[in-house]
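Notes follow once the structure below has been shown.
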Amino acid sequence: MEKSEWEIAWSDYLSVGVPEMDEEHRQFISRVNDLNKAIIESEDKATVERMADLMLMEAAHHFWHEQELLARWKYPETAAHIAKHAALTAQFERVMKDFAETDISFVWALKGLHVKQLLIEHLLKEDVKYRDFLRAQTGQTSQ
């Protein structure tokens, strides 16, 4: 596959309009890209696992921070968003288990693409909802 299929490129469309959240999203995207790069470059298992663990730790911190902000903003879908984070975390943990249980780089590649898909879907389907809520609250129509 071409490298571009493995990478997530930041765009203004992914912006939620909150600088600290956007920065955390950029950082998380960077971690997913680093993980996938390590996989396609056939890095050793320990390196891939270390990068995946770092990505998960940062995801957990980001989810906590985002949830705190959503509660502060009185976002009406906060509970549902927290549940989505829990489900996403469980999916990431399953992927990590699969990494740990296999030494086959093809499986790693599939799992790396799966992590990318999960992240993009969450950003595009869930995080844009609070972006739109915040814009409506402030009267903004576009970023």
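Labels for the structure tokens follow display order: chains A, B, ..., residues from 1 in each chain, ligands from 1.
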- Item | DSSP-assigned helix (DSSP H, G or I) among chain A, expressed as a ChimeraX atom specification | /A:3-6,12-14,19-40,45-72,78-101,105-138
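The spacing separating CA of Lys111 in chain A from CA of Ala38 in chain A amounts to 12.5 Å.
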Residues near Ser11 in chain A, cut-off 12 Å, only C-alpha atoms, skip fewer than 4 positions along chain, as a compact mmCIF listing (two decimals) with N, CA, C and O atoms, in the first residue's frame:
```txt
# COMPACT_ATOMS: atom_id res chain seq x y z
N SER A 15 -10.66 20.21 12.71
CA SER A 15 -10.59 21.15 13.82
C SER A 15 -11.95 21.24 14.52
O SER A 15 -13.00 21.31 13.88
N VAL A 16 -11.88 21.24 15.87
CA VAL A 16 -13.10 21.43 16.66
C VAL A 16 -13.22 22.86 17.15
O VAL A 16 -14.16 23.21 17.85
N ASP A 22 -7.68 20.76 19.62
CA ASP A 22 -7.07 20.56 18.31
C ASP A 22 -5.63 20.09 18.44
O ASP A 22 -5.18 19.19 17.72
N HIS A 25 -5.62 16.52 19.48
CA HIS A 25 -6.00 15.69 18.34
C HIS A 25 -4.82 15.55 17.37
O HIS A 25 -4.55 14.45 16.88
N ARG A 26 -4.13 16.65 17.11
CA ARG A 26 -2.94 16.58 16.23
C ARG A 26 -1.89 15.63 16.82
O ARG A 26 -1.29 14.84 16.08
N ILE A 29 -3.07 12.04 16.42
CA ILE A 29 -2.91 11.65 15.02
C ILE A 29 -1.44 11.35 14.72
O ILE A 29 -1.12 10.37 14.06
N ILE A 120 -10.24 8.15 13.04
CA ILE A 120 -10.87 9.04 12.06
C ILE A 120 -12.39 9.03 12.23
O ILE A 120 -13.03 10.07 12.21
N LEU A 123 -13.28 11.13 15.28
CA LEU A 123 -13.13 12.56 15.02
C LEU A 123 -14.25 13.08 14.13
O LEU A 123 -14.85 14.12 14.41
N LEU A 124 -14.54 12.34 13.06
CA LEU A 124 -15.50 12.82 12.07
C LEU A 124 -16.95 12.65 12.49
O LEU A 124 -17.82 13.41 12.06
N GLN A 143 -15.27 27.58 10.81
CA GLN A 143 -13.97 27.71 11.48
C GLN A 143 -13.11 28.67 10.75
O GLN A 143 -13.05 28.78 9.59
```
- Query: Which residues come within 12 Å of Trp108 in chain A, counting only C-alpha atoms, excluding same-chain residues fewer than 2 positions away, as an NGL selection string?
  - Reply: :A and (35-45 or 48-49 or 52 or 95-106 or 110-115)
List as a tab-separated table every residue of range 32-98 of chain A that is in contact with range 128-136 of chain A, defined as an atom at most 12 Å from one of its atoms (using only C-alpha atoms), together with the nearest atom pair and the distance in Å rounded to one decimal, sorted by chain and then rising number.
```
residue	atom	partner	partner_atom	distance
A:Glu66	CA	A:Tyr130	CA	10.3
A:Gln67	CA	A:Tyr130	CA	10.9
A:Leu69	CA	A:Tyr130	CA	10.4
A:Leu70	CA	A:Tyr130	CA	7.9
A:Ala71	CA	A:Tyr130	CA	11.2
A:Arg72	CA	A:Leu134	CA	11.8
A:Trp73	CA	A:Leu134	CA	8.2
A:Lys74	CA	A:Leu134	CA	10.0
A:Tyr75	CA	A:Tyr130	CA	7.0
A:Pro76	CA	A:Phe133	CA	8.9
A:Glu77	CA	A:Tyr130	CA	8.1
A:Thr78	CA	A:Tyr130	CA	8.9
A:Ala80	CA	A:Lys129	CA	11.3
A:His81	CA	A:Tyr130	CA	9.2
```
Can you spit out the residues from that selection as a compact mmCIF listing (two decimals), in the first residue's frame, using all heavy atoms?
```
# COMPACT_ATOMS: atom_id res chain seq x y z
N GLU A 66 -10.91 15.92 27.46
CA GLU A 66 -12.04 16.29 26.63
C GLU A 66 -13.35 16.16 27.41
O GLU A 66 -14.21 17.05 27.35
CB GLU A 66 -12.07 15.40 25.38
CG GLU A 66 -13.09 15.81 24.34
CD GLU A 66 -12.94 14.98 23.09
OE1 GLU A 66 -13.44 13.84 23.06
OE2 GLU A 66 -12.31 15.49 22.13
N GLN A 67 -13.48 15.10 28.17
CA GLN A 67 -14.68 14.89 28.97
C GLN A 67 -14.86 15.98 30.02
O GLN A 67 -15.97 16.44 30.27
CB GLN A 67 -14.64 13.50 29.62
CG GLN A 67 -14.79 12.40 28.60
CD GLN A 67 -14.37 11.03 29.08
OE1 GLN A 67 -14.27 10.12 28.29
NE2 GLN A 67 -14.10 10.85 30.35
N LEU A 69 -13.82 19.06 29.75
CA LEU A 69 -14.24 20.27 29.04
C LEU A 69 -15.71 20.17 28.62
O LEU A 69 -16.46 21.14 28.73
CB LEU A 69 -13.35 20.53 27.83
CG LEU A 69 -11.93 20.97 28.15
CD1 LEU A 69 -11.10 21.07 26.87
CD2 LEU A 69 -11.91 22.30 28.89
N LEU A 70 -16.12 19.01 28.13
CA LEU A 70 -17.51 18.84 27.71
C LEU A 70 -18.47 19.07 28.87
O LEU A 70 -19.51 19.72 28.71
CB LEU A 70 -17.73 17.44 27.11
CG LEU A 70 -17.01 17.15 25.80
CD1 LEU A 70 -17.26 15.71 25.36
CD2 LEU A 70 -17.41 18.13 24.70
N ALA A 71 -18.10 18.58 30.05
CA ALA A 71 -18.94 18.80 31.23
C ALA A 71 -18.97 20.29 31.59
O ALA A 71 -20.05 20.83 31.89
CB ALA A 71 -18.41 17.97 32.40
N ARG A 72 -17.83 20.94 31.51
CA ARG A 72 -17.75 22.38 31.83
C ARG A 72 -18.60 23.19 30.85
O ARG A 72 -19.24 24.17 31.23
CB ARG A 72 -16.30 22.85 31.78
CG ARG A 72 -16.14 24.27 32.26
CD ARG A 72 -14.72 24.79 32.23
NE ARG A 72 -13.72 23.81 32.59
CZ ARG A 72 -12.46 23.81 32.12
NH1 ARG A 72 -12.06 24.75 31.29
NH2 ARG A 72 -11.60 22.88 32.47
N TRP A 73 -18.60 22.79 29.57
CA TRP A 73 -19.37 23.50 28.55
C TRP A 73 -20.86 23.15 28.58
O TRP A 73 -21.63 23.69 27.82
CB TRP A 73 -18.82 23.20 27.16
CG TRP A 73 -17.42 23.63 26.92
CD1 TRP A 73 -16.77 24.72 27.42
CD2 TRP A 73 -16.47 22.96 26.08
NE1 TRP A 73 -15.48 24.78 26.95
CE2 TRP A 73 -15.26 23.70 26.12
CE3 TRP A 73 -16.51 21.82 25.29
CZ2 TRP A 73 -14.14 23.34 25.41
CZ3 TRP A 73 -15.38 21.46 24.59
CH2 TRP A 73 -14.21 22.21 24.64
N LYS A 74 -21.20 22.19 29.45
CA LYS A 74 -22.58 21.72 29.55
C LYS A 74 -23.09 21.16 28.22
O LYS A 74 -24.24 21.37 27.82
CB LYS A 74 -23.50 22.82 30.08
CG LYS A 74 -23.13 23.26 31.49
CD LYS A 74 -24.05 24.30 32.01
CE LYS A 74 -23.75 24.80 33.40
NZ LYS A 74 -22.59 24.46 34.10
N TYR A 75 -22.20 20.44 27.57
CA TYR A 75 -22.55 19.78 26.31
C TYR A 75 -23.61 18.71 26.61
O TYR A 75 -23.37 17.83 27.44
CB TYR A 75 -21.29 19.17 25.68
CG TYR A 75 -21.51 18.38 24.43
CD1 TYR A 75 -22.12 18.95 23.32
CD2 TYR A 75 -21.07 17.06 24.34
CE1 TYR A 75 -22.30 18.23 22.15
CE2 TYR A 75 -21.23 16.33 23.18
CZ TYR A 75 -21.86 16.92 22.08
OH TYR A 75 -22.04 16.20 20.93
N PRO A 76 -24.76 18.77 25.97
CA PRO A 76 -25.85 17.86 26.33
C PRO A 76 -25.58 16.38 26.02
O PRO A 76 -26.24 15.51 26.58
CB PRO A 76 -27.04 18.38 25.52
CG PRO A 76 -26.45 19.20 24.43
CD PRO A 76 -25.15 19.74 24.94
N GLU A 77 -24.62 16.11 25.19
CA GLU A 77 -24.30 14.74 24.82
C GLU A 77 -23.06 14.22 25.56
O GLU A 77 -22.45 13.24 25.12
CB GLU A 77 -24.05 14.65 23.31
CG GLU A 77 -25.19 15.17 22.45
CD GLU A 77 -26.31 14.15 22.32
OE1 GLU A 77 -26.03 12.95 22.32
OE2 GLU A 77 -27.47 14.59 22.22
N THR A 78 -22.69 14.85 26.66
CA THR A 78 -21.48 14.47 27.38
C THR A 78 -21.49 13.00 27.78
O THR A 78 -20.51 12.28 27.56
CB THR A 78 -21.25 15.36 28.62
OG1 THR A 78 -21.07 16.71 28.17
CG2 THR A 78 -20.03 14.93 29.40
N ALA A 80 -23.10 10.47 26.53
CA ALA A 80 -22.97 9.62 25.34
C ALA A 80 -21.54 9.66 24.81
O ALA A 80 -21.00 8.64 24.38
CB ALA A 80 -23.96 10.05 24.25
N HIS A 81 -20.92 10.83 24.85
CA HIS A 81 -19.55 10.97 24.37
C HIS A 81 -18.59 10.18 25.27
O HIS A 81 -17.67 9.51 24.77
CB HIS A 81 -19.15 12.44 24.29
CG HIS A 81 -18.02 12.71 23.36
ND1 HIS A 81 -18.18 12.92 22.01
CD2 HIS A 81 -16.68 12.78 23.59
CE1 HIS A 81 -16.99 13.11 21.45
NE2 HIS A 81 -16.06 13.03 22.39
```
- Message: Need to verify the contact set: Ile8 in chain A, 9 Å, only C-alpha atoms, exclusion of same-chain residues closer than 4 positions in sequence. Can you return it as a PyMOL selection string?
- Response: chain A and resi 4+29-30+32-33+116+120
Written selection (N, CA and C atoms) as a JSON list (two decimals), in the first residue's frame:
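Contents of the output file out27.json:
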```
[["chain", "number", "residue", "atom", "x", "y", "z"],
["A", 4, "SER", "N", 0.58, 7.02, 1.88],
["A", 4, "SER", "CA", -0.49, 7.95, 2.19],
["A", 4, "SER", "C", -1.72, 7.24, 2.78],
["A", 29, "ILE", "N", -3.07, 12.04, 16.42],
["A", 29, "ILE", "CA", -2.91, 11.65, 15.02],
["A", 29, "ILE", "C", -1.44, 11.35, 14.72],
["A", 30, "SER", "N", -0.56, 12.18, 15.25],
["A", 30, "SER", "CA", 0.87, 11.96, 15.06],
["A", 30, "SER", "C", 1.30, 10.61, 15.65],
["A", 32, "VAL", "N", -0.60, 7.93, 16.05],
["A", 32, "VAL", "CA", -1.13, 6.87, 15.19],
["A", 32, "VAL", "C", -0.27, 6.76, 13.94],
["A", 33, "ASN", "N", 0.11, 7.89, 13.36],
["A", 33, "ASN", "CA", 0.98, 7.86, 12.18],
["A", 33, "ASN", "C", 2.33, 7.22, 12.50],
["A", 116, "LYS", "N", -6.25, 3.48, 12.92],
["A", 116, "LYS", "CA", -6.43, 4.70, 12.13],
["A", 116, "LYS", "C", -7.91, 4.91, 11.82],
["A", 120, "ILE", "N", -10.24, 8.15, 13.04],
["A", 120, "ILE", "CA", -10.87, 9.04, 12.06],
["A", 120, "ILE", "C", -12.39, 9.03, 12.23]]
```
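Between CA of Asp34 in chain A and CA of Ala83 in chain A lies a distance of 26.8 Å.
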- Rounded to one decimal in Å, what is the spacing between CA of Glu58 in chain A and CA of Arg31 in chain A? 8.7 Å
